[in-house]
>>> print(open('final-v8.csv').read())   # CSV, C-alpha atoms
chain,number,residue,atom,x,y,z
A,29,ASP,CA,54.0,-13.6,-83.7
A,30,GLN,CA,52.0,-10.4,-84.1
A,31,GLN,CA,54.3,-7.6,-85.1
A,32,VAL,CA,51.6,-5.0,-85.2
A,33,LYS,CA,49.1,-4.9,-82.4
A,34,GLN,CA,46.0,-2.8,-81.7
A,35,ASN,CA,45.1,-3.7,-78.2
A,36,SER,CA,41.7,-2.1,-78.0
A,37,PRO,CA,39.2,-4.0,-80.1
A,38,SER,CA,36.7,-1.2,-79.7
A,39,LEU,CA,36.3,2.4,-78.7
A,40,SER,CA,33.2,4.5,-78.1
A,41,VAL,CA,33.4,8.3,-78.4
A,42,GLN,CA,30.8,11.1,-78.3
A,43,GLU,CA,30.4,13.2,-81.4
A,44,GLY,CA,32.6,16.3,-81.3
A,45,ARG,CA,35.1,14.8,-78.9
A,46,ILE,CA,38.6,13.5,-79.7
A,47,SER,CA,39.1,9.8,-80.8
A,48,ILE,CA,42.5,8.3,-80.0
A,49,LEU,CA,43.4,5.0,-81.6
A,50,ASN,CA,46.6,3.3,-80.6
A,51,CYS,CA,48.9,0.9,-82.3
A,52,ASP,CA,52.1,-0.9,-81.0
A,53,TYR,CA,54.7,-2.6,-83.1
A,54,THR,CA,57.7,-4.9,-82.3
A,55,ASN,CA,59.8,-4.9,-85.5
A,56,SER,CA,62.3,-2.0,-85.2
A,57,MET,CA,62.9,-2.3,-89.0
A,58,PHE,CA,59.5,-0.9,-89.8
A,59,ASP,CA,60.0,2.6,-91.3
A,60,TYR,CA,56.6,3.5,-92.8
A,61,PHE,CA,53.3,3.5,-91.1
A,62,LEU,CA,49.7,3.9,-92.4
A,63,TRP,CA,46.2,4.1,-91.1
A,64,TYR,CA,43.2,2.6,-93.0
A,65,LYS,CA,39.5,2.9,-92.3
A,66,LYS,CA,37.2,0.1,-93.2
A,67,TYR,CA,33.4,-0.1,-93.5
A,68,PRO,CA,31.6,-3.4,-93.5
A,69,ALA,CA,31.7,-5.2,-96.9
A,70,GLU,CA,34.1,-2.6,-98.3
A,71,GLY,CA,37.9,-2.5,-98.8
A,72,PRO,CA,40.2,-0.5,-96.5
A,73,THR,CA,40.4,3.2,-97.4
A,74,PHE,CA,43.8,4.9,-96.9
A,75,LEU,CA,43.6,7.7,-94.4
A,76,ILE,CA,47.1,9.0,-93.5
A,77,SER,CA,50.7,7.8,-93.3
A,78,ILE,CA,53.9,8.7,-91.6
A,79,SER,CA,57.6,8.0,-92.3
A,80,SER,CA,59.9,7.0,-89.5
A,81,ILE,CA,61.9,10.2,-90.0
A,82,LYS,CA,58.9,12.2,-88.7
A,83,ASP,CA,57.0,12.1,-85.4
A,84,LYS,CA,53.8,13.8,-86.5
A,85,ASN,CA,51.7,14.1,-89.7
A,86,GLU,CA,48.5,16.0,-90.0
A,87,ASP,CA,45.7,16.0,-92.6
A,88,GLY,CA,42.6,17.9,-91.7
A,89,ARG,CA,40.9,16.2,-88.7
A,90,PHE,CA,43.4,13.3,-88.7
A,91,THR,CA,46.8,13.4,-87.0
A,92,VAL,CA,49.2,10.5,-86.7
A,93,PHE,CA,51.9,10.5,-84.0
A,94,LEU,CA,54.9,8.2,-84.0
A,95,ASN,CA,57.0,7.5,-81.0
A,96,LYS,CA,59.9,5.3,-82.3
A,97,SER,CA,61.5,4.7,-78.9
A,98,ALA,CA,58.2,3.3,-77.6
A,99,LYS,CA,57.4,1.6,-80.9
A,100,HIS,CA,54.0,3.2,-80.7
A,101,LEU,CA,51.8,5.2,-83.0
A,102,SER,CA,48.4,6.8,-82.5
A,103,LEU,CA,45.7,8.3,-84.7
A,104,HIS,CA,43.8,11.3,-83.4
A,105,ILE,CA,40.5,12.3,-84.9
A,106,VAL,CA,39.3,15.8,-83.9
A,107,PRO,CA,36.4,16.4,-83.9
A,108,SER,CA,34.9,13.0,-84.2
A,109,GLN,CA,31.8,12.6,-86.4
A,110,PRO,CA,29.3,9.8,-86.6
A,111,GLY,CA,30.5,9.0,-90.2
A,112,ASP,CA,33.9,8.2,-88.7
A,113,SER,CA,32.3,5.0,-87.2
A,114,ALA,CA,34.3,2.2,-88.8
A,115,VAL,CA,37.1,-0.3,-88.1
A,116,TYR,CA,40.5,1.3,-88.1
A,117,PHE,CA,43.6,-0.6,-89.0
A,118,CYS,CA,47.2,0.4,-88.6
A,119,ALA,CA,49.8,-1.0,-90.9
A,120,ALA,CA,53.5,-1.0,-91.2
A,121,SER,CA,56.1,-1.7,-93.8
A,122,GLU,CA,59.9,-2.4,-93.7
A,123,GLY,CA,61.9,-0.6,-96.4
A,124,ASN,CA,64.3,-3.5,-97.1
A,125,ALA,CA,61.5,-6.1,-97.2
A,126,GLY,CA,59.7,-4.8,-100.2
A,127,ASN,CA,56.2,-3.6,-100.1
A,128,MET,CA,54.4,-6.0,-97.8
A,129,LEU,CA,52.1,-4.3,-95.3
A,130,THR,CA,51.7,-5.8,-91.9
A,131,PHE,CA,48.4,-5.0,-90.4
A,132,GLY,CA,47.1,-4.8,-86.8
A,133,GLY,CA,43.9,-6.6,-85.8
A,134,GLY,CA,41.8,-3.4,-86.0
A,135,THR,CA,39.9,-1.2,-83.6
A,136,ARG,CA,36.2,-0.6,-84.1
A,137,LEU,CA,35.3,3.0,-83.5
A,138,MET,CA,31.8,4.1,-82.6
A,139,VAL,CA,31.0,7.8,-82.6
A,140,LYS,CA,27.7,8.5,-80.9
A,141,PRO,CA,25.6,11.5,-81.9
B,20,ASN,CA,38.8,7.9,-112.0
B,21,ALA,CA,38.1,4.3,-111.3
B,22,GLY,CA,39.6,2.8,-108.2
B,23,VAL,CA,40.8,-0.8,-107.7
B,24,MET,CA,38.2,-3.2,-109.1
B,25,GLN,CA,37.7,-6.7,-108.0
B,26,ASN,CA,35.3,-9.4,-109.2
B,27,PRO,CA,33.3,-11.2,-108.3
B,28,ARG,CA,32.3,-9.5,-105.0
B,29,HIS,CA,30.9,-12.7,-103.7
B,30,LEU,CA,31.9,-16.3,-104.7
B,31,VAL,CA,30.5,-19.5,-103.4
B,32,ARG,CA,32.4,-22.7,-104.1
B,33,ARG,CA,32.0,-26.3,-102.9
B,34,ARG,CA,34.9,-28.1,-101.3
B,35,GLY,CA,37.3,-29.3,-104.0
B,36,GLN,CA,36.3,-26.7,-106.6
B,37,GLU,CA,38.5,-24.0,-108.0
B,38,ALA,CA,38.2,-20.3,-107.1
B,39,ARG,CA,39.4,-17.5,-109.4
B,40,LEU,CA,39.5,-14.0,-108.1
B,41,ARG,CA,40.2,-11.0,-110.4
B,42,CYS,CA,41.8,-7.6,-109.7
B,43,SER,CA,42.2,-4.6,-112.0
B,44,PRO,CA,44.5,-2.0,-110.5
B,45,MET,CA,44.0,1.7,-110.5
B,46,LYS,CA,44.8,3.5,-113.7
B,47,GLY,CA,48.5,4.3,-113.7
B,48,HIS,CA,49.4,1.6,-111.1
B,49,SER,CA,51.6,-1.3,-112.0
B,50,HIS,CA,52.0,-2.9,-108.7
B,51,VAL,CA,49.5,-5.3,-107.3
B,52,TYR,CA,49.2,-6.9,-103.8
B,53,TRP,CA,46.8,-9.6,-102.5
B,54,TYR,CA,45.7,-9.8,-98.8
B,55,ARG,CA,43.4,-12.2,-97.0
B,56,GLN,CA,41.2,-11.3,-94.0
B,57,LEU,CA,39.9,-14.1,-91.9
B,58,PRO,CA,36.8,-13.4,-89.8
B,59,GLU,CA,37.6,-11.1,-86.8
B,60,GLU,CA,41.2,-10.7,-87.9
B,61,GLY,CA,43.4,-8.1,-89.6
B,62,LEU,CA,44.6,-8.4,-93.2
B,63,LYS,CA,47.4,-10.8,-94.0
B,64,PHE,CA,49.8,-10.2,-96.9
B,65,MET,CA,49.8,-13.0,-99.5
B,66,VAL,CA,51.7,-11.9,-102.6
B,67,TYR,CA,53.1,-8.9,-104.5
B,68,LEU,CA,53.3,-8.8,-108.2
B,69,GLN,CA,54.3,-6.5,-111.0
B,70,LYS,CA,53.4,-7.1,-114.6
B,71,GLU,CA,54.4,-10.6,-115.5
B,72,ASN,CA,56.5,-11.0,-112.4
B,73,ILE,CA,56.0,-12.3,-108.9
B,74,ILE,CA,58.1,-10.1,-106.6
B,75,ASP,CA,57.2,-11.5,-103.2
B,76,GLU,CA,55.0,-14.5,-102.4
B,77,SER,CA,56.2,-15.1,-98.9
B,78,GLY,CA,52.6,-15.0,-97.6
B,79,MET,CA,51.2,-17.5,-100.0
B,80,PRO,CA,50.3,-21.0,-98.8
B,81,LYS,CA,52.7,-23.4,-100.4
B,82,GLU,CA,50.0,-25.5,-102.1
B,83,ARG,CA,46.8,-24.9,-104.0
B,84,PHE,CA,47.3,-21.1,-104.2
B,85,SER,CA,48.8,-19.2,-107.2
B,86,ALA,CA,48.8,-15.7,-108.5
B,87,GLU,CA,49.6,-14.0,-111.8
B,88,PHE,CA,49.6,-10.5,-113.3
B,89,PRO,CA,49.8,-10.9,-117.1
B,90,LYS,CA,51.0,-8.3,-119.5
B,91,GLU,CA,47.4,-7.7,-120.5
B,92,GLY,CA,44.3,-8.1,-118.3
B,93,PRO,CA,43.7,-8.3,-114.6
B,94,SER,CA,45.7,-10.0,-111.9
B,95,ILE,CA,44.3,-13.4,-110.9
B,96,LEU,CA,44.4,-15.2,-107.6
B,97,ARG,CA,43.7,-18.8,-108.1
B,98,ILE,CA,42.8,-21.3,-105.3
B,99,GLN,CA,42.6,-24.9,-106.4
B,100,GLN,CA,40.7,-27.6,-104.5
B,101,VAL,CA,39.2,-25.1,-102.0
B,102,VAL,CA,38.6,-26.2,-98.4
B,103,ARG,CA,36.4,-24.6,-95.7
B,104,GLY,CA,39.4,-22.8,-94.2
B,105,ASP,CA,39.8,-20.8,-97.4
B,106,SER,CA,36.6,-19.0,-96.6
B,107,ALA,CA,37.7,-15.4,-96.1
B,108,ALA,CA,37.6,-11.9,-97.7
B,109,TYR,CA,40.4,-11.5,-100.3
B,110,PHE,CA,41.5,-7.9,-101.0
B,111,CYS,CA,43.6,-6.6,-103.8
B,112,ALA,CA,45.6,-3.4,-103.6
B,113,SER,CA,47.6,-1.4,-106.0
B,114,SER,CA,50.3,1.2,-105.9
B,115,LYS,CA,52.0,3.5,-108.3
B,116,SER,CA,55.4,2.3,-107.5
B,117,GLY,CA,57.2,-0.4,-105.7
B,118,GLY,CA,59.1,1.6,-103.1
B,119,THR,CA,58.0,2.2,-99.6
B,120,ASN,CA,56.3,5.5,-99.0
B,121,TYR,CA,53.8,4.7,-101.8
B,122,GLU,CA,50.4,4.1,-100.4
B,123,GLN,CA,48.5,1.0,-101.4
B,124,TYR,CA,44.9,1.5,-102.4
B,125,PHE,CA,42.5,-1.3,-101.9
B,126,GLY,CA,39.6,-2.8,-103.8
B,127,PRO,CA,36.2,-3.8,-102.3
B,128,GLY,CA,37.3,-7.4,-101.8
B,129,THR,CA,35.9,-10.8,-102.9
B,130,ARG,CA,34.2,-12.7,-100.2
B,131,LEU,CA,34.8,-16.4,-100.7
B,132,THR,CA,32.5,-18.9,-99.1
B,133,VAL,CA,33.4,-22.6,-99.3
B,134,THR,CA,30.5,-24.9,-98.5
>>> encode(input="final-v8.csv", output="structure tokens")
Amino acid sequence: DQQVKQNSPSLSVQEGRISILNCDYTNSMFDYFLWYKKYPAEGPTFLISISSIKDKNEDGRFTVFLNKSAKHLSLHIVPSQPGDSAVYFCAASEGNAGNMLTFGGGTRLMVKP
Amino acid sequence: NAGVMQNPRHLVRRRGQEARLRCSPMKGHSHVYWYRQLPEEGLKFMVYLQKENIIDESGMPKERFSAEFPKEGPSILRIQQVVRGDSAAYFCASSKSGGTNYEQYFGPGTRLTVT
């Protein structure tokens, strides 16, 4: 039973345009959400997070939006750069269940020059 | 300012052998987590440890797998009598504290291949 889903396995975007990566979850107890970027043969790198008490968090080119009623979050990258090409994972944690992160399956982003 | 360190980066074991994976958390971090990534899948939680304590091992297989985080030295994930299905990337992460809202920072991973 996948509690965190990234339904698009891949996404291709032109350099300079917006990249939108989506993530859906089923566990209503999740209260903290994170996005990680992963290059091949490396560990995931933390990008940005959002608490369930917020609906938006912004850090430079990266913005995460959270829609709790739809159990949906998205990561916006503006403007997209070729160096953003990587696999992006969303992850969620449940406050009362300790610190376990539940990951989605990842979306491979390709930014074309 | 060293990040999370894992070694070895690559490990090849024959079926039936033991695999030992090491993880040194970031400076100032006392919470360690192990995750496993099978090919073409996301990361799956295995175990969460603090110094000398296993806090949550709900993701650990019941047999052959064990983890420790001693008072001194790195955290160790040990897999006894490895089988081909254990072939995966094993990632360690650390955080400053154990509450939610503390980001976990990941190491580069150990890629285990069982032949």
>>> closest_residue(input="final-v8.csv", among="A:Gln109, A:Asn85, A:Asn55, A:Gln34", to="chain B", atoms="only C-alpha atoms")
A:Gln34
>>> residues_around(input="final-v8.csv", residues="region 86-102 of chain B", least_positions_apart="3", cutoff="7 Å", atoms="only C-alpha atoms", output="PDB file with C-alpha atoms, keeping the file's coordinate frame")
ATOM      1  CA  ARG B  34      34.900 -28.100-101.300  1.00  0.00           C
ATOM      2  CA  GLY B  35      37.300 -29.300-104.000  1.00  0.00           C
ATOM      3  CA  GLN B  36      36.300 -26.700-106.600  1.00  0.00           C
ATOM      4  CA  GLU B  37      38.500 -24.000-108.000  1.00  0.00           C
ATOM      5  CA  ALA B  38      38.200 -20.300-107.100  1.00  0.00           C
ATOM      6  CA  ARG B  39      39.400 -17.500-109.400  1.00  0.00           C
ATOM      7  CA  LEU B  40      39.500 -14.000-108.100  1.00  0.00           C
ATOM      8  CA  ARG B  41      40.200 -11.000-110.400  1.00  0.00           C
ATOM      9  CA  CYS B  42      41.800  -7.600-109.700  1.00  0.00           C
ATOM     10  CA  SER B  43      42.200  -4.600-112.000  1.00  0.00           C
ATOM     11  CA  LEU B  68      53.300  -8.800-108.200  1.00  0.00           C
ATOM     12  CA  GLN B  69      54.300  -6.500-111.000  1.00  0.00           C
ATOM     13  CA  LYS B  70      53.400  -7.100-114.600  1.00  0.00           C
ATOM     14  CA  GLU B  71      54.400 -10.600-115.500  1.00  0.00           C
ATOM     15  CA  ASN B  72      56.500 -11.000-112.400  1.00  0.00           C
ATOM     16  CA  ARG B  83      46.800 -24.900-104.000  1.00  0.00           C
ATOM     17  CA  ASP B 105      39.800 -20.800 -97.400  1.00  0.00           C
ATOM     18  CA  VAL B 133      33.400 -22.600 -99.300  1.00  0.00           C
TER      19      VAL B 133
END
>>> closest_atom_pairs(input="final-v8.csv", of="region 45-76 of chain B", to="region 63-78 of chain A", cutoff="12 Å", atoms="only C-alpha atoms", output="tab-separated table")
residue	atom	partner	partner_atom	distance
B:Trp53	CA	A:Gly71	CA	12.0
B:Tyr54	CA	A:Gly71	CA	10.7
B:Arg55	CA	A:Gly71	CA	11.3
B:Gln56	CA	A:Gly71	CA	10.6
B:Pro58	CA	A:Pro68	CA	11.9
B:Glu59	CA	A:Pro68	CA	11.8
B:Gly61	CA	A:Pro72	CA	10.8
B:Leu62	CA	A:Pro72	CA	9.6
>>> write_last_selection(input="final-v8.csv", atoms="C-alpha atoms", output="short mmCIF file (atom, residue, chain, number, x, y, z; two decimals), in the coordinates of the input")
data_model
loop_
_atom_site.label_atom_id
_atom_site.label_comp_id
_atom_site.auth_asym_id
_atom_site.auth_seq_id
_atom_site.Cartn_x
_atom_site.Cartn_y
_atom_site.Cartn_z
CA TRP B 53 46.80 -9.60 -102.50
CA TYR B 54 45.70 -9.80 -98.80
CA ARG B 55 43.40 -12.20 -97.00
CA GLN B 56 41.20 -11.30 -94.00
CA PRO B 58 36.80 -13.40 -89.80
CA GLU B 59 37.60 -11.10 -86.80
CA GLY B 61 43.40 -8.10 -89.60
CA LEU B 62 44.60 -8.40 -93.20
#
>>> interface_residues(input="final-v8.csv", of="chain B", to="chain A", cutoff="9 Å", atoms="only C-alpha atoms", output="ChimeraX atom specification")
/B:52,59-67,74-75,108,110-111,117-128,130
>>> write_last_selection(input="final-v8.csv", atoms="C-alpha atoms", output="mmCIF file, keeping the file's coordinate frame")
data_model
loop_
_atom_site.group_PDB
_atom_site.id
_atom_site.type_symbol
_atom_site.label_atom_id
_atom_site.label_comp_id
_atom_site.auth_asym_id
_atom_site.auth_seq_id
_atom_site.Cartn_x
_atom_site.Cartn_y
_atom_site.Cartn_z
ATOM 1 C CA TYR B 52 49.200 -6.900 -103.800
ATOM 2 C CA GLU B 59 37.600 -11.100 -86.800
ATOM 3 C CA GLU B 60 41.200 -10.700 -87.900
ATOM 4 C CA GLY B 61 43.400 -8.100 -89.600
ATOM 5 C CA LEU B 62 44.600 -8.400 -93.200
ATOM 6 C CA LYS B 63 47.400 -10.800 -94.000
ATOM 7 C CA PHE B 64 49.800 -10.200 -96.900
ATOM 8 C CA MET B 65 49.800 -13.000 -99.500
ATOM 9 C CA VAL B 66 51.700 -11.900 -102.600
ATOM 10 C CA TYR B 67 53.100 -8.900 -104.500
ATOM 11 C CA ILE B 74 58.100 -10.100 -106.600
ATOM 12 C CA ASP B 75 57.200 -11.500 -103.200
ATOM 13 C CA ALA B 108 37.600 -11.900 -97.700
ATOM 14 C CA PHE B 110 41.500 -7.900 -101.000
ATOM 15 C CA CYS B 111 43.600 -6.600 -103.800
ATOM 16 C CA GLY B 117 57.200 -0.400 -105.700
ATOM 17 C CA GLY B 118 59.100 1.600 -103.100
ATOM 18 C CA THR B 119 58.000 2.200 -99.600
ATOM 19 C CA ASN B 120 56.300 5.500 -99.000
ATOM 20 C CA TYR B 121 53.800 4.700 -101.800
ATOM 21 C CA GLU B 122 50.400 4.100 -100.400
ATOM 22 C CA GLN B 123 48.500 1.000 -101.400
ATOM 23 C CA TYR B 124 44.900 1.500 -102.400
ATOM 24 C CA PHE B 125 42.500 -1.300 -101.900
ATOM 25 C CA GLY B 126 39.600 -2.800 -103.800
ATOM 26 C CA PRO B 127 36.200 -3.800 -102.300
ATOM 27 C CA GLY B 128 37.300 -7.400 -101.800
ATOM 28 C CA ARG B 130 34.200 -12.700 -100.200
#
>>> atom_distance(input="final-v8.csv", atom1="CA of Cys51 (chain A)", atom2="CA of Lys96 (chain A)")
11.8 Å
>>> residues_around(input="final-v8.csv", residues="Pro141 (chain A)", least_positions_apart="5", cutoff="12 Å", atoms="all atoms listed in the file", output="list in words")
Ser40, Val41, Gln42, Glu43, Gly44, Arg45, Ser108, Gln109, Pro110, Gly111, Asp112 and Ser113 of chain A
>>> atom_distance(input="final-v8.csv", atom1="CA of Val115 (chain A)", atom2="CA of Ser49 (chain B)")
28.0 Å
>>> atom_distance(input="final-v8.csv", atom1="CA of Thr134 (chain B)", atom2="CA of Arg32 (chain B)")
6.3 Å
